[in-house]
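*Asks:* Next comes data_25.txt, compact mmCIF, C-alpha atoms and all ligand atoms:
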# COMPACT_ATOMS: atom_id res chain seq x y z
CA MET A 1 -15.35 -5.17 18.73
CA LYS A 2 -13.64 -1.82 18.19
CA ALA A 3 -15.36 1.54 17.93
CA MET A 4 -14.28 5.17 17.79
CA GLN A 5 -14.40 6.46 21.37
CA PHE A 6 -14.07 9.98 22.74
CA GLU A 7 -14.13 12.05 25.90
CA VAL A 8 -15.88 15.42 25.57
CA ASP A 9 -13.51 17.73 23.63
CA GLY A 10 -10.81 15.04 23.73
CA PRO A 11 -9.19 13.08 20.89
CA LEU A 12 -10.86 10.17 19.10
CA THR A 13 -9.46 6.72 19.81
CA TRP A 14 -10.20 3.39 18.12
CA ALA A 15 -10.70 1.17 21.17
CA ASP A 16 -12.57 -1.86 22.53
CA ALA A 17 -16.34 -1.40 22.90
CA PRO A 18 -19.17 -3.75 23.89
CA GLU A 19 -20.18 -6.11 21.07
CA PRO A 20 -23.70 -5.15 19.92
CA ALA A 21 -26.30 -7.92 19.62
CA ALA A 22 -29.29 -7.96 17.29
CA GLY A 23 -32.45 -7.81 19.40
CA ALA A 24 -35.94 -8.69 18.20
CA GLY A 25 -36.66 -6.92 14.92
CA GLU A 26 -32.99 -6.00 14.47
CA VAL A 27 -30.05 -7.22 12.40
CA LEU A 28 -26.33 -7.02 13.06
CA VAL A 29 -24.44 -5.16 10.32
CA GLU A 30 -20.68 -5.49 9.69
CA ILE A 31 -19.91 -1.88 8.81
CA ALA A 32 -18.17 -1.05 5.53
CA ALA A 33 -18.48 2.73 5.73
CA THR A 34 -20.10 5.58 7.62
CA ALA A 35 -20.32 9.31 6.91
CA VAL A 36 -19.64 12.42 8.95
CA ASN A 37 -22.51 14.62 10.15
CA ARG A 38 -22.33 17.90 12.05
CA ALA A 39 -24.24 16.09 14.79
CA ASP A 40 -21.10 13.97 15.36
CA LEU A 41 -19.05 17.10 16.04
CA MET A 42 -21.75 18.35 18.42
CA GLN A 43 -21.96 14.96 20.19
CA ARG A 44 -18.20 15.03 20.65
CA ALA A 45 -18.47 18.50 22.19
CA GLY A 46 -20.99 17.10 24.69
CA LYS A 47 -23.89 19.07 23.16
CA TYR A 48 -25.89 16.37 21.39
CA PRO A 49 -26.25 13.16 23.39
CA PRO A 50 -27.92 10.15 21.74
CA PRO A 51 -31.60 9.50 22.46
CA ALA A 52 -32.19 7.24 25.50
CA GLY A 53 -31.42 3.59 24.85
CA GLU A 54 -29.45 4.22 21.63
CA SER A 55 -25.72 3.58 21.05
CA GLU A 56 -23.34 6.07 22.67
CA VAL A 57 -20.99 5.64 19.69
CA MET A 58 -21.07 8.44 17.08
CA GLY A 59 -22.40 7.83 13.59
CA LEU A 60 -25.90 8.44 12.23
CA GLU A 61 -25.62 6.27 9.12
CA CYS A 62 -23.66 3.36 7.74
CA SER A 63 -23.43 0.76 5.02
CA GLY A 64 -22.32 -2.84 5.30
CA THR A 65 -23.33 -6.47 5.24
CA ILE A 66 -25.84 -8.27 7.45
CA VAL A 67 -23.99 -10.83 9.58
CA ALA A 68 -26.74 -11.94 12.00
CA LEU A 69 -30.51 -11.75 12.32
CA GLY A 70 -32.41 -11.12 15.56
CA ALA A 71 -35.77 -12.72 16.32
CA ASP A 72 -38.80 -11.89 14.17
CA VAL A 73 -36.85 -10.60 11.18
CA GLU A 74 -38.39 -11.20 7.78
CA GLY A 75 -37.36 -10.01 4.33
CA TRP A 76 -33.63 -9.68 5.10
CA ALA A 77 -30.90 -12.35 5.06
CA VAL A 78 -27.33 -12.79 6.23
CA GLY A 79 -25.07 -11.51 3.45
CA ASP A 80 -27.44 -8.74 2.26
CA ALA A 81 -25.69 -5.47 1.36
CA VAL A 82 -27.49 -2.64 3.15
CA CYS A 83 -27.29 0.94 4.27
CA ALA A 84 -29.01 2.20 7.40
CA LEU A 85 -30.27 5.23 9.25
CA LEU A 86 -28.90 5.11 12.81
CA ALA A 87 -29.46 7.02 16.03
CA GLY A 88 -25.79 6.24 16.77
CA GLY A 89 -23.19 3.53 16.36
CA GLY A 90 -21.82 4.09 12.84
CA TYR A 91 -18.16 4.71 13.85
CA ALA A 92 -17.62 1.05 14.74
CA GLU A 93 -16.98 -2.42 13.36
CA ARG A 94 -20.57 -3.59 13.88
CA VAL A 95 -23.92 -2.08 14.78
CA ALA A 96 -27.37 -3.48 15.61
CA VAL A 97 -30.01 -1.89 13.37
CA PRO A 98 -33.82 -2.09 13.53
CA VAL A 99 -35.01 -3.55 10.22
CA THR A 100 -37.33 -0.56 9.87
CA GLN A 101 -34.21 1.60 9.38
CA LEU A 102 -32.53 -0.63 6.79
CA LEU A 103 -32.40 0.09 3.08
CA PRO A 104 -30.94 -2.03 0.29
CA VAL A 105 -27.87 -0.57 -1.42
CA PRO A 106 -29.46 1.25 -4.38
CA GLU A 107 -28.71 0.12 -7.92
CA GLY A 108 -25.78 2.01 -9.40
CA VAL A 109 -24.35 3.05 -6.03
CA SER A 110 -21.39 1.25 -4.42
CA LEU A 111 -21.66 -0.32 -0.96
CA GLU A 112 -19.32 2.31 0.52
CA GLU A 113 -20.99 5.30 -1.19
CA SER A 114 -24.42 4.23 0.04
CA ALA A 115 -23.32 5.12 3.61
CA ALA A 116 -23.58 8.78 2.57
CA LEU A 117 -27.29 8.51 1.74
CA PRO A 118 -29.55 7.67 4.70
CA GLU A 119 -29.22 10.78 6.88
CA ALA A 120 -29.32 13.34 4.05
CA VAL A 121 -32.06 11.59 2.08
CA CYS A 122 -34.30 10.95 5.11
CA THR A 123 -33.85 14.53 6.38
CA VAL A 124 -34.54 16.17 3.03
CA TRP A 125 -37.42 13.82 2.28
CA SER A 126 -39.02 14.70 5.64
CA ALA A 127 -38.71 18.38 4.76
CA VAL A 128 -40.14 18.20 1.24
CA ARG A 129 -42.66 15.38 1.29
CA ASP A 130 -45.66 17.48 2.35
CA LEU A 131 -44.97 20.48 0.13
CA PRO A 132 -47.81 21.52 -2.15
CA GLU A 133 -47.33 21.00 -5.90
CA PRO A 134 -45.00 23.78 -7.08
CA GLY A 135 -46.53 26.44 -9.31
CA PRO A 136 -45.12 27.12 -12.80
CA ASP A 137 -41.50 28.37 -12.50
CA ALA A 138 -41.64 27.95 -8.69
CA LEU A 139 -38.32 28.67 -7.02
CA ALA A 140 -36.97 26.87 -3.94
CA LEU A 141 -34.10 28.39 -1.93
CA VAL A 142 -31.70 25.95 -0.26
CA HIS A 143 -29.39 27.51 2.30
CA GLY A 144 -26.07 25.69 2.52
CA GLY A 145 -26.60 24.15 -0.92
CA SER A 146 -23.05 22.80 -0.91
CA GLY A 147 -23.37 20.70 2.26
CA GLY A 148 -24.38 17.08 2.68
CA ILE A 149 -27.99 18.15 3.14
CA GLY A 150 -27.94 20.88 0.52
CA THR A 151 -26.49 18.75 -2.28
CA MET A 152 -29.28 16.21 -1.72
CA ALA A 153 -31.94 18.94 -1.41
CA ILE A 154 -31.00 20.52 -4.75
CA GLN A 155 -31.44 17.19 -6.50
CA LEU A 156 -34.71 16.18 -4.81
CA LEU A 157 -36.28 19.60 -5.33
CA ARG A 158 -35.34 19.49 -9.02
CA THR A 159 -37.12 16.13 -9.35
CA ARG A 160 -40.18 17.75 -7.71
CA GLY A 161 -40.23 20.41 -10.43
CA TYR A 162 -38.71 23.40 -8.62
CA ARG A 163 -36.13 25.77 -9.98
CA VAL A 164 -33.47 25.91 -7.26
CA ALA A 165 -31.43 28.75 -5.79
CA VAL A 166 -28.73 28.08 -3.20
CA THR A 167 -26.61 30.00 -0.76
CA ALA A 168 -23.05 28.67 -0.51
CA SER A 169 -19.43 29.84 -0.56
CA SER A 170 -18.48 30.88 -4.09
CA ARG A 171 -15.90 28.05 -4.36
CA HIS A 172 -18.84 25.63 -4.12
CA HIS A 173 -21.08 27.31 -6.71
CA GLU A 174 -19.92 25.10 -9.58
CA LEU A 175 -20.80 21.96 -7.57
CA CYS A 176 -24.29 23.31 -6.82
CA ARG A 177 -24.87 24.28 -10.45
CA ALA A 178 -23.73 20.85 -11.65
CA LEU A 179 -26.43 19.32 -9.42
CA GLY A 180 -29.14 21.50 -10.96
CA ALA A 181 -29.11 24.79 -9.04
CA GLU A 182 -29.95 27.66 -11.37
CA ILE A 183 -28.90 30.47 -9.03
CA ALA A 184 -25.93 30.38 -6.66
CA ILE A 185 -25.65 33.14 -4.08
CA ASP A 186 -22.47 33.82 -2.08
CA TYR A 187 -23.84 34.29 1.43
CA ARG A 188 -20.76 36.25 2.49
CA SER A 189 -21.04 38.98 -0.13
CA GLU A 190 -24.57 38.91 -1.60
CA ASP A 191 -28.06 39.59 -0.27
CA PHE A 192 -30.09 36.42 -0.80
CA VAL A 193 -33.41 38.30 -0.47
CA ASP A 194 -32.51 40.57 -3.42
CA ALA A 195 -31.26 37.64 -5.47
CA VAL A 196 -34.43 35.61 -4.89
CA LEU A 197 -36.79 38.51 -5.54
CA THR A 198 -34.91 39.41 -8.72
CA ALA A 199 -35.09 35.81 -9.97
CA THR A 200 -38.83 35.64 -9.33
CA ASP A 201 -39.94 39.10 -10.57
CA GLY A 202 -40.60 40.06 -6.96
CA GLY A 203 -42.70 36.97 -6.22
CA GLY A 204 -40.32 35.20 -3.83
CA ALA A 205 -39.42 31.56 -3.17
CA GLU A 206 -42.26 29.07 -2.68
CA PHE A 207 -40.06 26.98 -0.40
CA ILE A 208 -36.97 27.70 1.70
CA LEU A 209 -34.91 24.97 3.38
CA ASP A 210 -32.87 26.64 6.10
CA VAL A 211 -29.82 25.42 8.03
CA VAL A 212 -28.92 28.80 9.55
CA GLY A 213 -31.86 29.55 11.86
CA ALA A 214 -32.13 32.73 13.91
CA ASP A 215 -29.79 34.93 11.82
CA TYR A 216 -31.83 34.26 8.68
CA LEU A 217 -35.39 34.12 10.04
CA ARG A 218 -36.52 37.63 9.14
CA ARG A 219 -34.79 37.66 5.77
CA ASN A 220 -36.22 34.22 4.99
CA VAL A 221 -39.73 35.59 5.55
CA ASP A 222 -38.88 38.53 3.25
CA ALA A 223 -37.68 36.12 0.55
CA LEU A 224 -40.78 33.86 0.72
CA ALA A 225 -43.62 33.96 -1.77
CA LEU A 226 -47.19 34.42 -0.60
CA ASP A 227 -48.32 31.05 0.86
CA GLY A 228 -44.68 29.90 0.95
CA THR A 229 -43.17 27.34 3.31
CA LEU A 230 -40.05 27.89 5.42
CA THR A 231 -38.59 24.73 6.95
CA VAL A 232 -35.79 25.12 9.49
CA ILE A 233 -33.65 22.04 10.10
CA ALA A 234 -30.59 23.54 11.80
CA THR A 235 -29.51 26.50 13.88
CA GLN A 236 -25.93 27.18 12.79
CA GLY A 237 -26.79 30.90 13.18
CA GLY A 238 -28.56 30.74 16.55
CA THR A 239 -31.81 29.49 18.03
CA ARG A 240 -33.63 32.67 19.09
CA ALA A 241 -34.99 35.37 16.82
CA GLU A 242 -37.84 37.85 16.76
CA VAL A 243 -40.24 37.92 13.86
CA SER A 244 -43.46 39.84 13.32
CA LEU A 245 -46.48 37.55 13.50
CA GLY A 246 -48.32 40.21 11.50
CA ARG A 247 -45.78 39.79 8.69
CA LEU A 248 -46.17 35.99 8.83
CA MET A 249 -49.96 36.40 8.64
CA GLN A 250 -49.82 38.86 5.74
CA ARG A 251 -47.49 36.57 3.82
CA ARG A 252 -49.55 33.49 4.83
CA VAL A 253 -46.30 31.76 5.82
CA THR A 254 -46.10 28.11 6.81
CA LEU A 255 -43.19 27.85 9.26
CA ARG A 256 -41.95 24.36 10.04
CA ALA A 257 -39.02 23.05 12.08
CA MET A 258 -37.87 19.48 12.37
CA THR A 259 -35.20 17.08 13.50
CA LEU A 260 -34.66 13.43 12.59
CA ARG A 261 -32.50 11.79 15.26
CA ALA A 262 -34.92 12.33 18.15
CA ARG A 263 -37.83 10.67 16.33
CA PRO A 264 -39.03 7.33 17.66
CA ARG A 265 -38.06 4.18 15.76
CA THR A 266 -41.70 3.30 15.07
CA GLY A 267 -45.10 4.71 15.92
CA GLY A 268 -46.85 6.07 12.90
CA ARG A 269 -46.52 9.34 11.07
CA GLY A 270 -43.10 10.92 11.25
CA ALA A 271 -41.44 7.95 12.97
CA LYS A 272 -38.14 6.79 11.45
CA SER A 273 -39.80 3.60 10.17
CA GLU A 274 -42.30 5.62 8.15
CA VAL A 275 -39.69 8.02 6.74
CA VAL A 276 -37.40 5.15 5.71
CA ALA A 277 -40.27 3.25 4.06
CA GLN A 278 -41.26 6.34 2.08
CA VAL A 279 -37.66 7.01 1.09
CA ARG A 280 -37.38 3.45 -0.23
CA GLU A 281 -40.58 3.88 -2.24
CA HIS A 282 -40.04 7.40 -3.57
CA VAL A 283 -36.30 8.19 -3.57
CA TRP A 284 -34.64 4.81 -4.19
CA PRO A 285 -36.04 4.64 -7.75
CA LEU A 286 -34.55 8.10 -8.40
CA LEU A 287 -31.13 6.79 -7.33
CA ALA A 288 -31.52 3.71 -9.52
CA SER A 289 -32.43 5.89 -12.53
CA GLY A 290 -29.51 8.27 -11.88
CA ALA A 291 -31.78 11.30 -11.33
CA VAL A 292 -30.31 11.59 -7.83
CA ARG A 293 -26.84 10.53 -6.66
CA PRO A 294 -24.82 10.62 -3.47
CA VAL A 295 -22.43 13.58 -3.50
CA ILE A 296 -19.17 12.68 -1.78
CA GLY A 297 -16.61 15.44 -1.41
CA ALA A 298 -13.96 13.42 0.43
CA THR A 299 -13.30 9.82 1.42
CA LEU A 300 -11.04 9.00 4.38
CA PRO A 301 -10.33 5.87 6.40
CA LEU A 302 -12.51 5.57 9.52
CA ALA A 303 -9.23 5.53 11.46
CA ASP A 304 -8.76 9.16 10.28
CA ALA A 305 -12.12 10.34 11.68
CA GLU A 306 -10.26 13.04 13.62
CA ARG A 307 -8.98 14.56 10.35
CA ALA A 308 -12.45 14.23 8.81
CA HIS A 309 -13.98 16.20 11.69
CA GLU A 310 -11.35 18.94 11.30
CA LEU A 311 -12.13 19.09 7.59
CA MET A 312 -15.88 19.44 8.14
CA GLY A 313 -15.43 22.33 10.54
CA SER A 314 -12.86 24.12 8.34
CA PRO A 315 -12.97 26.64 5.46
CA GLN A 316 -11.57 23.81 3.30
CA ALA A 317 -14.72 21.68 3.77
CA PRO A 318 -15.03 19.89 0.43
CA GLY A 319 -18.78 20.19 -0.25
CA GLY A 320 -21.10 17.18 -0.20
CA LYS A 321 -20.58 14.37 2.29
CA ILE A 322 -17.38 13.17 3.93
CA LEU A 323 -17.26 9.37 3.76
CA LEU A 324 -15.34 7.23 6.29
CA VAL A 325 -14.45 3.74 5.07
CA ARG A 326 -13.11 0.86 7.14
N1 LIG A 401 -32.85 18.56 11.56
C1 LIG A 401 -32.24 17.45 11.22
O1 LIG A 401 -32.74 16.35 11.41
C2 LIG A 401 -30.89 17.51 10.57
C3 LIG A 401 -30.39 16.38 9.90
C4 LIG A 401 -29.15 16.48 9.29
C5 LIG A 401 -28.43 17.66 9.36
N2 LIG A 401 -28.93 18.70 10.06
C6 LIG A 401 -28.18 19.97 10.19
O2 LIG A 401 -28.22 20.63 8.95
C7 LIG A 401 -27.04 21.42 8.81
C8 LIG A 401 -26.40 21.09 7.46
O3 LIG A 401 -25.95 19.75 7.52
P1 LIG A 401 -24.89 19.24 6.46
O4 LIG A 401 -24.71 17.80 6.70
O5 LIG A 401 -25.26 19.71 5.11
O6 LIG A 401 -23.59 20.03 6.96
P2 LIG A 401 -22.33 20.46 6.10
O7 LIG A 401 -22.09 19.43 5.05
O8 LIG A 401 -21.26 20.79 7.05
O9 LIG A 401 -22.82 21.77 5.37
C9 LIG A 401 -22.98 22.98 6.05
C10 LIG A 401 -23.38 23.99 5.02
O10 LIG A 401 -23.72 25.23 5.62
C11 LIG A 401 -23.29 26.24 4.73
N3 LIG A 401 -23.27 27.49 5.47
C12 LIG A 401 -22.51 27.84 6.54
N4 LIG A 401 -22.83 29.09 6.92
C13 LIG A 401 -23.82 29.52 6.10
C14 LIG A 401 -24.55 30.72 5.98
N5 LIG A 401 -24.36 31.76 6.82
N6 LIG A 401 -25.47 30.83 4.99
C15 LIG A 401 -25.70 29.81 4.14
N7 LIG A 401 -25.03 28.63 4.21
C16 LIG A 401 -24.11 28.50 5.17
C17 LIG A 401 -21.97 25.74 4.19
O11 LIG A 401 -21.66 26.36 2.96
P3 LIG A 401 -20.12 26.50 2.38
O12 LIG A 401 -19.33 25.31 2.84
O13 LIG A 401 -20.31 26.53 0.91
O14 LIG A 401 -19.59 27.79 2.96
C18 LIG A 401 -22.32 24.27 3.99
O15 LIG A 401 -22.98 24.08 2.75
C19 LIG A 401 -26.13 21.09 9.99
O16 LIG A 401 -26.23 22.11 10.96
C20 LIG A 401 -26.70 19.78 10.52
O17 LIG A 401 -26.46 19.62 11.89
C21 LIG A 401 -30.15 18.67 10.65
Is it possible to express this structure as structure tokens?
Ligand SMILES: NC(=O)c1ccc[n+]([C@@H]2O[C@H](COP(=O)([O-])OP(=O)(O)OC[C@H]3O[C@@H](n4cnc5c(N)ncnc54)[C@H](OP(=O)(O)O)[C@@H]3O)[C@@H](O)[C@H]2O)c1

*Replies:*
Amino acid sequence: MKAMQFEVDGPLTWADAPEPAAGAGEVLVEIAATAVNRADLMQRAGKYPPPAGESEVMGLECSGTIVALGADVEGWAVGDAVCALLAGGGYAERVAVPVTQLLPVPEGVSLEESAALPEAVCTVWSAVRDLPEPGPDALALVHGGSGGIGTMAIQLLRTRGYRVAVTASSRHHELCRALGAEIAIDYRSEDFVDAVLTATDGGGAEFILDVVGADYLRRNVDALALDGTLTVIATQGGTRAEVSLGRLMQRRVTLRAMTLRARPRTGGRGAKSEVVAQVREHVWPLLASGAVRPVIGATLPLADAERAHELMGSPQAPGGKILLVR
């Protein structure tokens, strides 16, 4: 088969690759579409290798049709339209997927569009699933509300009963508001701590989902409500920061940090199999009812993955996910 290949910091080329085979508990999927994640850009730069034993090909999610079943597969059939959470292998013609990472294409979503769902939904679900019930008028702050993660987070937090504030470039504020954000803060020109405290009469945000990391740590603590939760899922603004433990104690802060790709396929709480099963139970009905939808800012052919990567890293990034269709 063909897959998108690369040398570190070199161009992408659509070239021959080993044909994947469905092992026990896996199916082979003929890929219809995949979606771009920042992890792909990092992998290409040699900074984010796949977990041991997983495909070396980029691509953390895909949609397509099952074309073969491995041993011990029940509940799925050749011809089923699916989308899947992957540890790698989405930028290709075919990929072998553990059945525990398969999801049916949700009602009301096209086969291609569904490729934009697994990574964002599973990441955001992992970050919000254990949150306490929000208080009346509780505010959640989503940093990077315009991104693939942020556009999903706004929607899921709204369904959980939060008012939502986002940080994003001002050109993306309309998109965030259309998805349910009440407050949009331009991170280049506004102070998000002031904006959050003003919107909550000084109380702060009960939950903050952060994709910036070190640069925002102290200010995130200042913007949190008493007993609030800060969950860090990315470090676009650095990995090391100093924060006063005394301040965390006074504010009774819950600080969490998480990543999805490195999780084991199976093995109980927090494994990919558990996250995907919960997503199917709790989020798939929200997609079917239209309460949540995939947000796709641009669609390009998989052959143009190079252009898609340039777009994601550029000031012209469209907001939402960038879909790559075959
Ligand atoms: N932990 C995990 O398992 C996991 C899973 C998936 C993704 N991630 C990470 O999460 C991050 C977001 O992913 P994504 O798919 O949403 O990427 P994306 O679509 O490229 O979005 C990046 C977002 O960051 C915003 N941003 C950039 N600088 C910012 C700043 N200083 N303050 C606030 N927002 C800022 C951008 O806003 P504008 O474009 O509006 O300027 C954009 O919304 C990435 O770093 C990704 O690697 C982690």

*Asks:* Compare A:Arg280, A:Arg171, A:Lys272, A:Arg326 by their minimum atom-to-atom distance to ligand LIG 401 (chain A), counting all atoms listed in the file, and give me the closest one.

*Replies:*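 Of A:Arg280, A:Arg171, A:Lys272, A:Arg326, the one nearest ligand LIG 401 (chain A), counting all atoms listed in the file, is A:Arg171.
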
*Asks:* Could you jot down the atom C9 of ligand LIG 401 (chain A) to atom CA of Leu260 of chain A separation for me, Å, one decimal place?

*Replies:*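 Computed distance, atom C9 of ligand LIG 401 (chain A) to atom CA of Leu260 of chain A, equals 16.4 Å.
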
*Asks:* Which residues sit within 8 Å of ligand LIG 401 (chain A), counting only C-alpha atoms and all ligand atoms, listed as a PyMOL selection string?

*Replies:* chain A and resi 36-39+119-120+123+143-151+167-173+187-188+211-212+232-237+257-261+312-313+315-322

*Asks:* Have a look at A:Leu60, A:Leu41, A:Cys122, A:Val78 and name the one nearest to His282 of chain A; count all atoms listed in the file.

*Replies:*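 Checking each candidate against His282 of chain A, we get A:Cys122 as the closest.
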
*Asks:* Can you sort out the box for segment 214-226 of chain A, edges along x, y and z, all listed atoms in, 3 Å on every side, with centre and edge lengths in Å to one decimal, as AutoDock Vina command-line options?

*Replies:*
--center_x -38.5 --center_y 35.6 --center_z 6.1 --size_x 23.4 --size_y 11.8 --size_z 21.7

*Asks:* Pick the closest to Gln278 of chain A from A:Ile31, A:Val128, A:Val196, A:Ile154: which is it, counting only C-alpha atoms?

*Replies:*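 Once distances to Gln278 of chain A are computed over only C-alpha atoms, the minimum belongs to A:Val128.
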
*Asks:* Rounded to one decimal place, report the atom CA of Ala140 of chain A-atom CA of Ala127 of chain A distance in Å.

*Replies:* 12.3 Å

*Asks:* Could you please determine the separation between atom CA of Ser189 of chain A and atom CA of Gln155 of chain A in Å, to one decimal place?

*Replies:*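 A separation of 25.0 Å between them.
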
*Asks:* Quick one: residues within 8 Å of Asp227 of chain A, only C-alpha atoms counted, chain neighbours fewer than 2 positions away excluded, as a list in words?

*Replies:*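 Counting only the stated atoms, we get Glu206, Ala225, Thr229, Arg251, Arg252, Val253 and Thr254 of chain A.
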
*Asks:* Counting only C-alpha atoms, what is within 10 Å of Gly108 of chain A, bar same-chain residues fewer than 4 positions away, as a list in words?

*Replies:* Ser114, Leu287, Ala288, Ser289, Gly290 and Arg293 of chain A

*Asks:* Can I get the selection written as a short mmCIF file (atom, residue, chain, number, x, y, z; two decimals), keeping the file's coordinate frame, with C-alpha atoms?

*Replies:*
data_model
loop_
_atom_site.label_atom_id
_atom_site.label_comp_id
_atom_site.auth_asym_id
_atom_site.auth_seq_id
_atom_site.Cartn_x
_atom_site.Cartn_y
_atom_site.Cartn_z
CA SER A 114 -24.42 4.23 0.04
CA LEU A 287 -31.13 6.79 -7.33
CA ALA A 288 -31.52 3.71 -9.52
CA SER A 289 -32.43 5.89 -12.53
CA GLY A 290 -29.51 8.27 -11.88
CA ARG A 293 -26.84 10.53 -6.66
#

*Asks:* Tell me which of A:Trp76, A:Tyr91, A:Tyr48, A:Tyr216 sits closest to Lys2 of chain A, counting only C-alpha atoms.

*Replies:*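 Of the candidates, the smallest distance to Lys2 of chain A is held by A:Tyr91.
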
*Asks:* When you look at Val164 of chain A with a cut-off of 6 Å (counting only C-alpha atoms), what residues show up, excluding the ones that are within fewer than 3 positions of it in the same chain? I need them as a PDB file with C-alpha atoms, keeping the file's coordinate frame.

*Replies:*
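Contents of the output file selection_8.pdb:
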ATOM      1  CA  LEU A 139     -38.320  28.670  -7.020  1.00  0.00           C
ATOM      2  CA  ALA A 140     -36.970  26.870  -3.940  1.00  0.00           C
ATOM      3  CA  LEU A 141     -34.100  28.390  -1.930  1.00  0.00           C
ATOM      4  CA  ALA A 181     -29.110  24.790  -9.040  1.00  0.00           C
ATOM      5  CA  GLU A 182     -29.950  27.660 -11.370  1.00  0.00           C
TER       6      GLU A 182
END

*Asks:* Rank A:Val166, A:Val109, A:Ala92, A:Leu248 by their smallest atom-to-atom distance to Glu190 of chain A, using all atoms listed in the file, and report the top residue only.

*Replies:*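 Nearest candidate to Glu190 of chain A out of A:Val166, A:Val109, A:Ala92, A:Leu248: A:Val166.
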
*Asks:* Compare A:Glu30, A:Asp191, A:Leu157, A:Gly53 by their minimum atom-to-atom distance to Arg94 of chain A, counting all atoms listed in the file, and give me the closest one.

*Replies:* A:Glu30

*Asks:* Pick out the residues sitting within 10 Å of segment 22-29 of chain A, and hand them over as a PyMOL selection string; count all atoms listed in the file, and ignore anything fewer than 6 positions along from it in its own chain.

*Replies:* chain A and resi 62-74+76-84+90+93-102
